>>> print(open('entry-v2.cif').read())   # mmCIF, C-alpha atoms and all ligand atoms
data_start
loop_
_atom_site.group_PDB
_atom_site.id
_atom_site.type_symbol
_atom_site.label_atom_id
_atom_site.label_comp_id
_atom_site.auth_asym_id
_atom_site.auth_seq_id
_atom_site.Cartn_x
_atom_site.Cartn_y
_atom_site.Cartn_z
ATOM 1 C CA MET Z 334 97.320 91.932 82.076
ATOM 2 C CA ALA Z 335 99.490 89.097 83.407
ATOM 3 C CA ASP Z 336 101.781 89.675 80.456
ATOM 4 C CA ILE Z 337 102.900 93.058 81.757
ATOM 5 C CA LEU Z 338 103.680 91.564 85.179
ATOM 6 C CA GLU Z 339 105.886 88.976 83.496
ATOM 7 C CA LYS Z 340 107.637 91.746 81.578
ATOM 8 C CA ILE Z 341 108.241 93.685 84.789
ATOM 9 C CA ALA Z 342 109.681 90.568 86.427
ATOM 10 C CA SER Z 343 111.945 89.692 83.505
ATOM 11 C CA ASN Z 344 113.218 93.259 83.042
ATOM 12 C CA LEU Z 345 113.911 93.450 86.771
ATOM 13 C CA TYR Z 346 115.819 90.181 86.526
ATOM 14 C CA SER Z 347 117.969 91.684 83.754
ATOM 15 C CA GLY Z 348 118.492 94.866 85.778
ATOM 16 C CA LYS Z 349 116.781 97.196 83.300
ATOM 17 C CA ALA Z 350 115.805 99.946 85.732
ATOM 18 C CA GLU Z 351 114.395 102.399 83.207
ATOM 19 C CA GLU Z 352 112.258 99.739 81.517
ATOM 20 C CA VAL Z 353 110.966 98.490 84.887
ATOM 21 C CA ALA Z 354 109.908 102.016 85.872
ATOM 22 C CA GLU Z 355 108.178 102.507 82.502
ATOM 23 C CA LEU Z 356 106.384 99.151 82.694
ATOM 24 C CA VAL Z 357 105.203 99.821 86.245
ATOM 25 C CA GLN Z 358 103.800 103.149 85.054
ATOM 26 C CA LYS Z 359 102.152 101.394 82.112
ATOM 27 C CA ALA Z 360 100.550 98.834 84.439
ATOM 28 C CA LEU Z 361 99.231 101.675 86.595
ATOM 29 C CA ASP Z 362 97.863 103.393 83.486
ATOM 30 C CA GLN Z 363 96.000 100.147 82.751
ATOM 31 C CA GLU Z 364 94.482 100.504 86.227
ATOM 32 C CA MET Z 365 96.268 97.554 87.718
ATOM 33 C CA ALA Z 366 96.383 97.734 91.531
ATOM 34 C CA PRO Z 367 99.746 98.825 93.032
ATOM 35 C CA ALA Z 368 99.750 95.793 95.354
ATOM 36 C CA GLU Z 369 99.338 93.454 92.377
ATOM 37 C CA ILE Z 370 102.193 95.136 90.494
ATOM 38 C CA LEU Z 371 104.343 94.869 93.593
ATOM 39 C CA SER Z 372 103.744 91.190 94.295
ATOM 40 C CA GLY Z 373 103.167 89.835 90.765
ATOM 41 C CA GLY Z 374 105.868 91.912 89.047
ATOM 42 C CA LEU Z 375 108.563 93.359 91.296
ATOM 43 C CA ILE Z 376 108.649 90.788 94.110
ATOM 44 C CA ALA Z 377 108.168 87.897 91.644
ATOM 45 C CA GLY Z 378 111.208 89.129 89.674
ATOM 46 C CA MET Z 379 113.305 89.516 92.802
ATOM 47 C CA ASP Z 380 112.314 85.996 93.932
ATOM 48 C CA GLU Z 381 113.712 84.630 90.698
ATOM 49 C CA VAL Z 382 116.917 86.607 91.231
ATOM 50 C CA GLY Z 383 117.114 85.085 94.725
ATOM 51 C CA ARG Z 384 116.685 81.553 93.409
ATOM 52 C CA ASP Z 385 119.396 81.921 90.764
ATOM 53 C CA PHE Z 386 121.746 83.715 93.178
ATOM 54 C CA LYS Z 387 121.371 80.781 95.552
ATOM 55 C CA ALA Z 388 122.011 78.286 92.752
ATOM 56 C CA GLY Z 389 125.188 80.157 91.788
ATOM 57 C CA ASP Z 390 123.844 81.246 88.391
ATOM 58 C CA LEU Z 391 123.901 84.946 89.347
ATOM 59 C CA PHE Z 392 126.551 86.868 91.249
ATOM 60 C CA VAL Z 393 126.569 89.933 93.532
ATOM 61 C CA PRO Z 394 127.011 92.552 90.743
ATOM 62 C CA GLU Z 395 123.980 91.205 88.845
ATOM 63 C CA VAL Z 396 121.930 91.073 92.033
ATOM 64 C CA LEU Z 397 122.871 94.688 92.802
ATOM 65 C CA ILE Z 398 121.774 95.791 89.350
ATOM 66 C CA ALA Z 399 118.488 93.903 89.784
ATOM 67 C CA ALA Z 400 118.053 95.572 93.197
ATOM 68 C CA ARG Z 401 118.496 98.967 91.522
ATOM 69 C CA ALA Z 402 115.764 98.048 89.032
ATOM 70 C CA MET Z 403 113.541 96.953 91.942
ATOM 71 C CA HIS Z 404 114.038 100.354 93.582
ATOM 72 C CA ALA Z 405 113.233 102.131 90.296
ATOM 73 C CA GLY Z 406 109.917 100.265 90.168
ATOM 74 C CA MET Z 407 109.224 100.931 93.848
ATOM 75 C CA ASP Z 408 109.858 104.666 93.309
ATOM 76 C CA VAL Z 409 106.981 104.759 90.822
ATOM 77 C CA LEU Z 410 104.650 102.963 93.231
ATOM 78 C CA ARG Z 411 105.669 104.899 96.360
ATOM 79 C CA PRO Z 412 103.318 107.896 95.970
ATOM 80 C CA LEU Z 413 100.384 105.521 95.509
ATOM 81 C CA LEU Z 414 101.231 103.275 98.410
ATOM 82 C CA THR Z 415 101.851 106.230 100.690
ATOM 83 C CA GLU Z 416 99.088 108.527 99.444
ATOM 84 C CA SER Z 417 96.693 109.132 102.299
ATOM 85 C CA ASP Z 418 95.285 111.882 104.451
ATOM 86 C CA VAL Z 419 94.834 109.654 107.479
ATOM 87 C CA PRO Z 420 95.935 111.101 110.814
ATOM 88 C CA SER Z 421 99.188 109.759 112.264
ATOM 89 C CA ALA Z 422 98.847 106.125 113.287
ATOM 90 C CA GLY Z 423 101.953 106.440 115.463
ATOM 91 C CA LYS Z 424 105.700 106.856 115.176
ATOM 92 C CA TYR Z 425 107.876 104.052 113.849
ATOM 93 C CA VAL Z 426 111.689 103.795 113.772
ATOM 94 C CA ILE Z 427 112.986 101.240 111.277
ATOM 95 C CA GLY Z 428 116.411 99.985 110.226
ATOM 96 C CA THR Z 429 118.416 97.027 108.971
ATOM 97 C CA VAL Z 430 120.594 95.651 111.755
ATOM 98 C CA GLN Z 431 124.353 95.999 112.096
ATOM 99 C CA GLY Z 432 126.403 94.163 109.469
ATOM 100 C CA ASP Z 433 123.503 93.810 107.052
ATOM 101 C CA LEU Z 434 123.151 95.861 103.851
ATOM 102 C CA HIS Z 435 119.882 94.426 102.532
ATOM 103 C CA ASP Z 436 117.258 97.140 102.378
ATOM 104 C CA ILE Z 437 114.665 96.242 99.746
ATOM 105 C CA GLY Z 438 112.324 94.492 102.201
ATOM 106 C CA LYS Z 439 112.833 97.176 104.847
ATOM 107 C CA ASN Z 440 112.046 99.891 102.309
ATOM 108 C CA LEU Z 441 108.870 98.081 101.304
ATOM 109 C CA VAL Z 442 107.767 97.786 104.910
ATOM 110 C CA ARG Z 443 108.555 101.493 105.410
ATOM 111 C CA MET Z 444 106.522 102.455 102.342
ATOM 112 C CA MET Z 445 103.512 100.381 103.367
ATOM 113 C CA LEU Z 446 103.598 101.763 106.910
ATOM 114 C CA GLU Z 447 103.854 105.314 105.550
ATOM 115 C CA GLY Z 448 100.795 104.511 103.482
ATOM 116 C CA ALA Z 449 99.004 103.359 106.629
ATOM 117 C CA GLY Z 450 99.674 106.716 108.303
ATOM 118 C CA PHE Z 451 102.737 105.966 110.424
ATOM 119 C CA GLU Z 452 105.383 108.680 110.809
ATOM 120 C CA MET Z 453 108.508 106.838 109.724
ATOM 121 C CA VAL Z 454 112.100 107.398 110.836
ATOM 122 C CA ASP Z 455 114.376 105.302 108.606
ATOM 123 C CA LEU Z 456 117.856 104.676 110.006
ATOM 124 C CA GLY Z 457 119.030 102.899 106.845
ATOM 125 C CA THR Z 458 121.212 99.802 106.793
ATOM 126 C CA ASP Z 459 124.030 98.437 108.956
ATOM 127 C CA VAL Z 460 122.527 100.148 112.006
ATOM 128 C CA HIS Z 461 124.548 99.773 115.199
ATOM 129 C CA PRO Z 462 122.500 98.889 118.329
ATOM 130 C CA ASP Z 463 123.536 102.237 119.876
ATOM 131 C CA ALA Z 464 122.064 104.066 116.867
ATOM 132 C CA PHE Z 465 118.715 102.326 117.503
ATOM 133 C CA VAL Z 466 118.984 103.372 121.160
ATOM 134 C CA ASP Z 467 119.763 107.008 120.226
ATOM 135 C CA ALA Z 468 116.849 107.098 117.770
ATOM 136 C CA VAL Z 469 114.401 105.736 120.358
ATOM 137 C CA ARG Z 470 115.614 108.320 122.863
ATOM 138 C CA GLU Z 471 115.319 111.140 120.335
ATOM 139 C CA HIS Z 472 112.087 110.257 118.520
ATOM 140 C CA GLN Z 473 110.187 108.333 121.232
ATOM 141 C CA PRO Z 474 108.449 106.043 118.727
ATOM 142 C CA ASN Z 475 105.596 103.647 119.494
ATOM 143 C CA ILE Z 476 107.399 100.902 117.589
ATOM 144 C CA VAL Z 477 110.913 99.940 116.527
ATOM 145 C CA GLY Z 478 111.249 97.641 113.503
ATOM 146 C CA MET Z 479 114.385 95.708 112.665
ATOM 147 C CA SER Z 480 115.182 93.901 109.429
ATOM 148 C CA ALA Z 481 117.807 91.196 108.826
ATOM 149 C CA LEU Z 482 118.367 89.048 105.742
ATOM 150 C CA LEU Z 483 121.435 87.140 106.838
ATOM 151 C CA THR Z 484 121.603 84.324 109.356
ATOM 152 C CA THR Z 485 124.864 85.903 110.532
ATOM 153 C CA THR Z 486 123.259 89.290 111.307
ATOM 154 C CA MET Z 487 120.010 88.054 112.882
ATOM 155 C CA VAL Z 488 121.872 87.843 116.186
ATOM 156 C CA ASN Z 489 122.226 91.622 116.128
ATOM 157 C CA MET Z 490 118.490 91.855 116.713
ATOM 158 C CA LYS Z 491 119.121 90.313 120.126
ATOM 159 C CA THR Z 492 122.041 92.673 120.753
ATOM 160 C CA THR Z 493 119.798 95.620 119.884
ATOM 161 C CA VAL Z 494 117.007 94.452 122.208
ATOM 162 C CA GLU Z 495 119.612 94.113 124.959
ATOM 163 C CA ALA Z 496 120.997 97.597 124.243
ATOM 164 C CA LEU Z 497 117.480 99.043 124.586
ATOM 165 C CA GLU Z 498 117.072 97.153 127.863
ATOM 166 C CA GLU Z 499 120.387 98.481 129.182
ATOM 167 C CA ALA Z 500 119.405 102.023 128.237
ATOM 168 C CA GLY Z 501 116.162 101.620 130.229
ATOM 169 C CA LEU Z 502 114.090 102.144 127.071
ATOM 170 C CA ARG Z 503 112.783 98.632 126.425
ATOM 171 C CA ASP Z 504 109.421 99.174 128.091
ATOM 172 C CA SER Z 505 108.767 102.418 126.222
ATOM 173 C CA VAL Z 506 108.542 100.777 122.774
ATOM 174 C CA LYS Z 507 107.184 97.720 121.020
ATOM 175 C CA ILE Z 508 109.734 95.817 118.959
ATOM 176 C CA MET Z 509 108.862 94.174 115.639
ATOM 177 C CA ILE Z 510 111.280 92.126 113.574
ATOM 178 C CA GLY Z 511 111.291 90.683 110.072
ATOM 179 C CA GLY Z 512 113.365 89.492 107.129
ATOM 180 C CA ALA Z 513 113.611 86.214 105.251
ATOM 181 C CA PRO Z 514 115.446 84.125 107.896
ATOM 182 C CA VAL Z 515 113.429 85.513 110.840
ATOM 183 C CA THR Z 516 110.585 83.533 112.443
ATOM 184 C CA ALA Z 517 108.027 84.049 115.187
ATOM 185 C CA ALA Z 518 109.986 81.641 117.384
ATOM 186 C CA PHE Z 519 113.135 83.690 116.842
ATOM 187 C CA ALA Z 520 111.250 86.874 117.782
ATOM 188 C CA GLU Z 521 110.293 85.274 121.059
ATOM 189 C CA GLU Z 522 113.821 84.026 121.627
ATOM 190 C CA VAL Z 523 115.382 87.486 121.247
ATOM 191 C CA GLY Z 524 112.739 89.239 123.331
ATOM 192 C CA ALA Z 525 110.983 91.112 120.508
ATOM 193 C CA ASP Z 526 107.230 91.692 120.766
ATOM 194 C CA ALA Z 527 106.283 90.478 117.316
ATOM 195 C CA TYR Z 528 107.287 89.148 113.918
ATOM 196 C CA ALA Z 529 105.696 89.786 110.526
ATOM 197 C CA PRO Z 530 106.487 87.726 107.413
ATOM 198 C CA ASP Z 531 105.711 90.497 104.896
ATOM 199 C CA ALA Z 532 104.953 94.176 104.500
ATOM 200 C CA ALA Z 533 101.164 93.774 104.460
ATOM 201 C CA SER Z 534 101.079 91.840 107.726
ATOM 202 C CA ALA Z 535 103.607 94.311 109.164
ATOM 203 C CA VAL Z 536 100.951 97.020 108.720
ATOM 204 C CA ASP Z 537 98.233 94.996 110.487
ATOM 205 C CA LEU Z 538 100.597 94.146 113.283
ATOM 206 C CA ALA Z 539 101.853 97.729 113.689
ATOM 207 C CA ARG Z 540 98.288 99.034 113.922
ATOM 208 C CA HIS Z 541 97.580 96.446 116.583
ATOM 209 C CA LEU Z 542 100.752 97.219 118.559
ATOM 210 C CA ALA Z 543 100.382 101.003 118.367
ATOM 211 C CA GLY Z 544 96.657 100.973 119.101
HETATM 212 C C1 LIG J 1 119.077 91.551 96.765
HETATM 213 C C2 LIG J 1 120.012 90.698 97.582
HETATM 214 C C3 LIG J 1 121.280 91.222 97.875
HETATM 215 C C4 LIG J 1 121.714 92.625 97.470
HETATM 216 C C5 LIG J 1 121.052 93.632 98.453
HETATM 217 C C6 LIG J 1 120.682 94.942 97.773
HETATM 218 C C7 LIG J 1 119.778 95.775 98.637
HETATM 219 N N1 LIG J 1 119.853 97.063 98.409
HETATM 220 O O1 LIG J 1 119.030 95.297 99.480
HETATM 221 C C8 LIG J 1 123.269 92.529 97.630
HETATM 222 C C9 LIG J 1 123.890 92.155 96.301
HETATM 223 C C10 LIG J 1 123.958 93.792 98.169
HETATM 224 C C11 LIG J 1 123.410 91.334 98.564
HETATM 225 C C12 LIG J 1 124.560 91.082 99.273
HETATM 226 C C13 LIG J 1 124.765 89.937 100.031
HETATM 227 N N2 LIG J 1 123.909 88.892 100.149
HETATM 228 CO CO1 LIG J 1 122.068 88.936 99.545
HETATM 229 N N3 LIG J 1 120.407 88.641 98.747
HETATM 230 C C14 LIG J 1 119.623 89.389 98.025
HETATM 231 C C15 LIG J 1 118.357 88.582 97.617
HETATM 232 C C16 LIG J 1 118.581 88.072 96.200
HETATM 233 C C17 LIG J 1 117.025 89.304 97.660
HETATM 234 C C18 LIG J 1 116.649 89.952 98.995
HETATM 235 C C19 LIG J 1 115.427 90.824 98.778
HETATM 236 O O2 LIG J 1 115.557 92.023 98.574
HETATM 237 N N4 LIG J 1 114.248 90.183 98.718
HETATM 238 C C20 LIG J 1 113.000 90.875 98.379
HETATM 239 C C21 LIG J 1 112.377 91.522 99.637
HETATM 240 C C22 LIG J 1 111.062 92.209 99.243
HETATM 241 O O3 LIG J 1 112.098 90.493 100.562
HETATM 242 P P1 LIG J 1 112.589 90.525 102.092
HETATM 243 O O4 LIG J 1 113.831 91.303 102.206
HETATM 244 O O5 LIG J 1 112.528 89.153 102.627
HETATM 245 O O6 LIG J 1 111.474 91.434 102.814
HETATM 246 C C23 LIG J 1 110.131 91.031 103.077
HETATM 247 C C24 LIG J 1 109.947 90.272 104.399
HETATM 248 O O7 LIG J 1 111.080 89.535 104.789
HETATM 249 C C25 LIG J 1 109.511 91.307 105.386
HETATM 250 N N5 LIG J 1 110.492 92.113 106.110
HETATM 251 C C26 LIG J 1 111.745 92.470 105.767
HETATM 252 N N6 LIG J 1 112.278 93.302 106.676
HETATM 253 C C27 LIG J 1 111.352 93.489 107.621
HETATM 254 C C28 LIG J 1 111.389 94.255 108.793
HETATM 255 C C29 LIG J 1 110.282 94.282 109.618
HETATM 256 C C30 LIG J 1 110.303 95.112 110.846
HETATM 257 C C31 LIG J 1 109.142 93.500 109.286
HETATM 258 C C32 LIG J 1 107.996 93.478 110.204
HETATM 259 C C33 LIG J 1 109.105 92.728 108.126
HETATM 260 C C34 LIG J 1 110.200 92.734 107.293
HETATM 261 O O8 LIG J 1 108.739 92.178 104.585
HETATM 262 C C35 LIG J 1 109.380 92.354 103.310
HETATM 263 C C36 LIG J 1 108.367 92.705 102.271
HETATM 264 O O9 LIG J 1 107.310 91.793 102.168
HETATM 265 C C37 LIG J 1 118.377 87.436 98.705
HETATM 266 C C38 LIG J 1 117.671 86.142 98.308
HETATM 267 C C39 LIG J 1 116.277 86.042 98.876
HETATM 268 N N7 LIG J 1 115.456 85.312 98.198
HETATM 269 O O10 LIG J 1 115.943 86.584 99.925
HETATM 270 C C40 LIG J 1 119.872 87.295 98.964
HETATM 271 C C41 LIG J 1 120.371 86.739 100.305
HETATM 272 C C42 LIG J 1 119.599 87.358 101.464
HETATM 273 N N8 LIG J 1 121.764 87.235 100.336
HETATM 274 C C43 LIG J 1 122.605 86.351 100.806
HETATM 275 C C44 LIG J 1 124.002 86.553 100.927
HETATM 276 C C45 LIG J 1 124.808 85.350 101.361
HETATM 277 C C46 LIG J 1 124.592 87.808 100.664
HETATM 278 C C47 LIG J 1 126.067 88.179 100.802
HETATM 279 C C48 LIG J 1 126.765 87.638 102.054
HETATM 280 C C49 LIG J 1 126.753 87.711 99.487
HETATM 281 C C50 LIG J 1 128.256 87.886 99.421
HETATM 282 N N9 LIG J 1 128.890 86.770 99.295
HETATM 283 O O11 LIG J 1 128.751 88.982 99.493
HETATM 284 C C51 LIG J 1 126.022 89.736 100.790
HETATM 285 C C52 LIG J 1 125.922 90.326 102.218
HETATM 286 C C53 LIG J 1 126.014 91.823 102.244
HETATM 287 C C54 LIG J 1 125.646 92.372 103.611
HETATM 288 N N10 LIG J 1 126.619 92.573 104.475
HETATM 289 O O12 LIG J 1 124.483 92.553 103.881
HETATM 290 C C55 LIG J 1 121.891 85.070 101.229
HETATM 291 C C56 LIG J 1 121.756 84.940 102.749
HETATM 292 C C57 LIG J 1 122.019 83.536 103.226
HETATM 293 C C58 LIG J 1 121.954 83.420 104.703
HETATM 294 N N11 LIG J 1 121.476 82.285 105.114
HETATM 295 O O13 LIG J 1 122.302 84.269 105.462
HETATM 296 C C59 LIG J 1 120.549 85.166 100.439
HETATM 297 C C60 LIG J 1 119.354 84.474 101.110
HETATM 298 C C61 LIG J 1 120.817 84.524 99.042
HETATM 299 C C62 LIG J 1 121.120 83.035 99.131
HETATM 300 N N12 LIG J 1 120.128 82.214 99.056
HETATM 301 O O14 LIG J 1 122.234 82.645 99.271
HETATM 302 N N13 LIG J 1 122.282 90.563 98.563
#
>>> encode(input="entry-v2.cif", output="structure tokens")
Amino acid sequence: MADILEKIASNLYSGKAEEVAELVQKALDQEMAPAEILSGGLIAGMDEVGRDFKAGDLFVPEVLIAARAMHAGMDVLRPLLTESDVPSAGKYVIGTVQGDLHDIGKNLVRMMLEGAGFEMVDLGTDVHPDAFVDAVREHQPNIVGMSALLTTTMVNMKTTVEALEEAGLRDSVKIMIGGAPVTAAFAEEVGADAYAPDAASAVDLARHLAG
């Protein structure tokens, strides 16, 4: 069992998208739980990519190819993570903040929230504060979620909170933030309502905030 997770991780590391998708399907056929495949295979592989990228052993093109393989694996899991007949748990607008192109974590959070019954509006990456404001005005969500992976773009979470305040919309939504460099203390500092360290706790938190 663990062997297949290692294979998923190592194929993801090498950017073999087709193989990753096939292995994820194989793990599912062996009745492995989607959450286990996600954390023990896909996320474990991406963690290794992150470590070697940081150490200078991998470069942006390799990381991009690994990210594509991660998405291929996530595509296989998506129907299972989002399969549910539960009534809407609320509306949720999500996006990666301005200047930031990282979307793997955001997409995972979106998938898990979809699975928990939230109606998701995904604004994508590099989202300008005004685009968050427009989306809140248009969709009137219960919650807005922002993702940032760079220390240089985290500040745009504050800018977005301020833009919502200026538009008179701050009190109409709860704001959740996340991403590797983000902390609970930072959430407080920028005036967000909450922080979640991963997709599973994002679901618990969203249920709590929307309830
Ligand atoms: C993949 C990757 C890329 C890919 C992104 C592809 C894509 N489609 O996303 C590419 C190659 C494009 C890239 C580019 C760059 N990257 Co990059 N990248 C990474 C890497 C290796 C993995 C990130 C990832 O996907 N992790 C896996 C996911 C599942 O984890 P996650 O994002 O943290 O998400 C989880 C939680 O944080 C949380 N969460 C996330 N979002 C949200 C939102 C909400 C609302 C909530 C509640 C929770 C939540 O839940 C998620 C699931 O559990 C990291 C290293 C790392 N270990 O983080 C570097 C890293 C983030 N990148 C880094 C850098 C420097 C860059 C570049 C500047 C490199 C360059 N010189 O060009 C560019 C910047 C581009 C830009 N403008 O954004 C640095 C950032 C350093 C810093 N202190 O700011 C890192 C940390 C690598 C490093 N150690 O040096 N990168």
>>> closest_atom_pairs(input="entry-v2.cif", of="chain Z", to="ligand LIG 1 (chain J)", cutoff="7 Å", atoms="all atoms listed in the file", output="tab-separated table")
residue	atom	partner	partner_atom	distance
Z:Ile376	CA	J:LIG1	C22	5.8
Z:Met379	CA	J:LIG1	C20	5.7
Z:Asp380	CA	J:LIG1	N7	5.3
Z:Val382	CA	J:LIG1	C16	5.4
Z:Gly383	CA	J:LIG1	C16	3.6
Z:Arg384	CA	J:LIG1	N7	6.2
Z:Phe386	CA	J:LIG1	C61	6.0
Z:Lys387	CA	J:LIG1	N12	4.0
Z:Val393	CA	J:LIG1	C9	4.4
Z:Pro394	CA	J:LIG1	C9	6.4
Z:Val396	CA	J:LIG1	C9	4.8
Z:Leu397	CA	J:LIG1	C9	4.4
Z:Ala400	CA	J:LIG1	C6	5.3
Z:Ile427	CA	J:LIG1	C30	6.7
Z:Gly432	CA	J:LIG1	N10	5.2
Z:Asp433	CA	J:LIG1	O12	3.5
Z:Leu434	CA	J:LIG1	O12	3.6
Z:His435	CA	J:LIG1	O1	3.3
Z:Asp436	CA	J:LIG1	O1	3.9
Z:Ile437	CA	J:LIG1	O2	4.5
Z:Gly438	CA	J:LIG1	O6	3.2
Z:Lys439	CA	J:LIG1	N6	4.3
Z:Leu441	CA	J:LIG1	C36	5.5
Z:Val442	CA	J:LIG1	O8	5.7
Z:Gly478	CA	J:LIG1	C30	3.8
Z:Met479	CA	J:LIG1	C30	4.5
Z:Ser480	CA	J:LIG1	C28	3.9
Z:Ala481	CA	J:LIG1	N6	6.3
Z:Leu482	CA	J:LIG1	C42	4.8
Z:Leu483	CA	J:LIG1	O13	3.3
Z:Thr484	CA	J:LIG1	O13	4.0
Z:Thr485	CA	J:LIG1	O13	5.9
Z:Met509	CA	J:LIG1	C30	5.1
Z:Ile510	CA	J:LIG1	C30	4.2
Z:Gly511	CA	J:LIG1	C33	3.6
Z:Gly512	CA	J:LIG1	O7	3.3
Z:Ala513	CA	J:LIG1	O5	4.1
Z:Pro514	CA	J:LIG1	N11	6.9
Z:Tyr528	CA	J:LIG1	C32	5.7
Z:Ala529	CA	J:LIG1	C32	4.4
Z:Pro530	CA	J:LIG1	C25	5.1
Z:Asp531	CA	J:LIG1	O9	3.4
Z:Ala532	CA	J:LIG1	O9	4.1
Z:Ala533	CA	J:LIG1	O9	6.9
Z:Ala535	CA	J:LIG1	C32	4.6
>>> atom_distance(input="entry-v2.cif", atom1="atom CA of Z:Ala525", atom2="atom CA of Z:Asp463")
16.8 Å
>>> atom_distance(input="entry-v2.cif", atom1="atom CA of Z:Val488", atom2="atom CA of Z:Asp526")
15.8 Å
>>> closest_residue(input="entry-v2.cif", among="Z:Met444, Z:Ala422, Z:Ile341, Z:Ala468", to="Z:Ala539", atoms="only C-alpha atoms")
Z:Ala422
>>> resolve_selection(input="entry-v2.cif", expression="the PyMOL selection byres (((chain Z and resi 407) around 9) and not hetatm)", output="NGL selection string")
:Z and (354 or 357 or 371 or 375 or 402-406 or 408-411 or 440-441)
>>> closest_residue(input="entry-v2.cif", among="Z:Glu471, Z:Glu351, Z:Glu522, Z:Asp336", to="Z:Thr492", atoms="only C-alpha atoms")
Z:Glu522
>>> atom_distance(input="entry-v2.cif", atom1="atom CA of Z:Leu361", atom2="atom CA of Z:Phe451")
24.5 Å
>>> closest_residue(input="entry-v2.cif", among="Z:Leu356, Z:Val494, Z:Ala518, Z:Ala543", to="Z:Gly450", atoms="all atoms listed in the file")
Z:Ala543
>>> resolve_selection(input="entry-v2.cif", expression="the PyMOL selection byres (((chain Z and resi 430) around 8) and not hetatm)", output="list of chain:residue names")
Z:Gly428, Z:Thr429, Z:Gln431, Z:Gly432, Z:Asp433, Z:Thr458, Z:Asp459, Z:Val460, Z:His461, Z:Pro462, Z:Met479, Z:Ser480, Z:Ala481, Z:Thr486, Z:Met487, Z:Asn489, Z:Met490
>>> residues_around(input="entry-v2.cif", residues="Z:Arg503", least_positions_apart="2", cutoff="12 Å", atoms="only C-alpha atoms", output="PyMOL selection string")
chain Z and resi 465-466+469-470+473-477+493-501+505-508+524-526
>>> closest_residue(input="entry-v2.cif", among="Z:Ile337, Z:Phe392, Z:Glu364, Z:Arg540", to="Z:Glu447", atoms="only C-alpha atoms")
Z:Arg540
>>> closest_residue(input="entry-v2.cif", among="Z:Leu502, Z:Met453, Z:Ala342, Z:Met445", to="Z:Gly423", atoms="all atoms listed in the file")
Z:Met453
>>> closest_residue(input="entry-v2.cif", among="Z:Met365, Z:Ser534, Z:Glu339, Z:Leu446", to="Z:Val353", atoms="only C-alpha atoms")
Z:Glu339
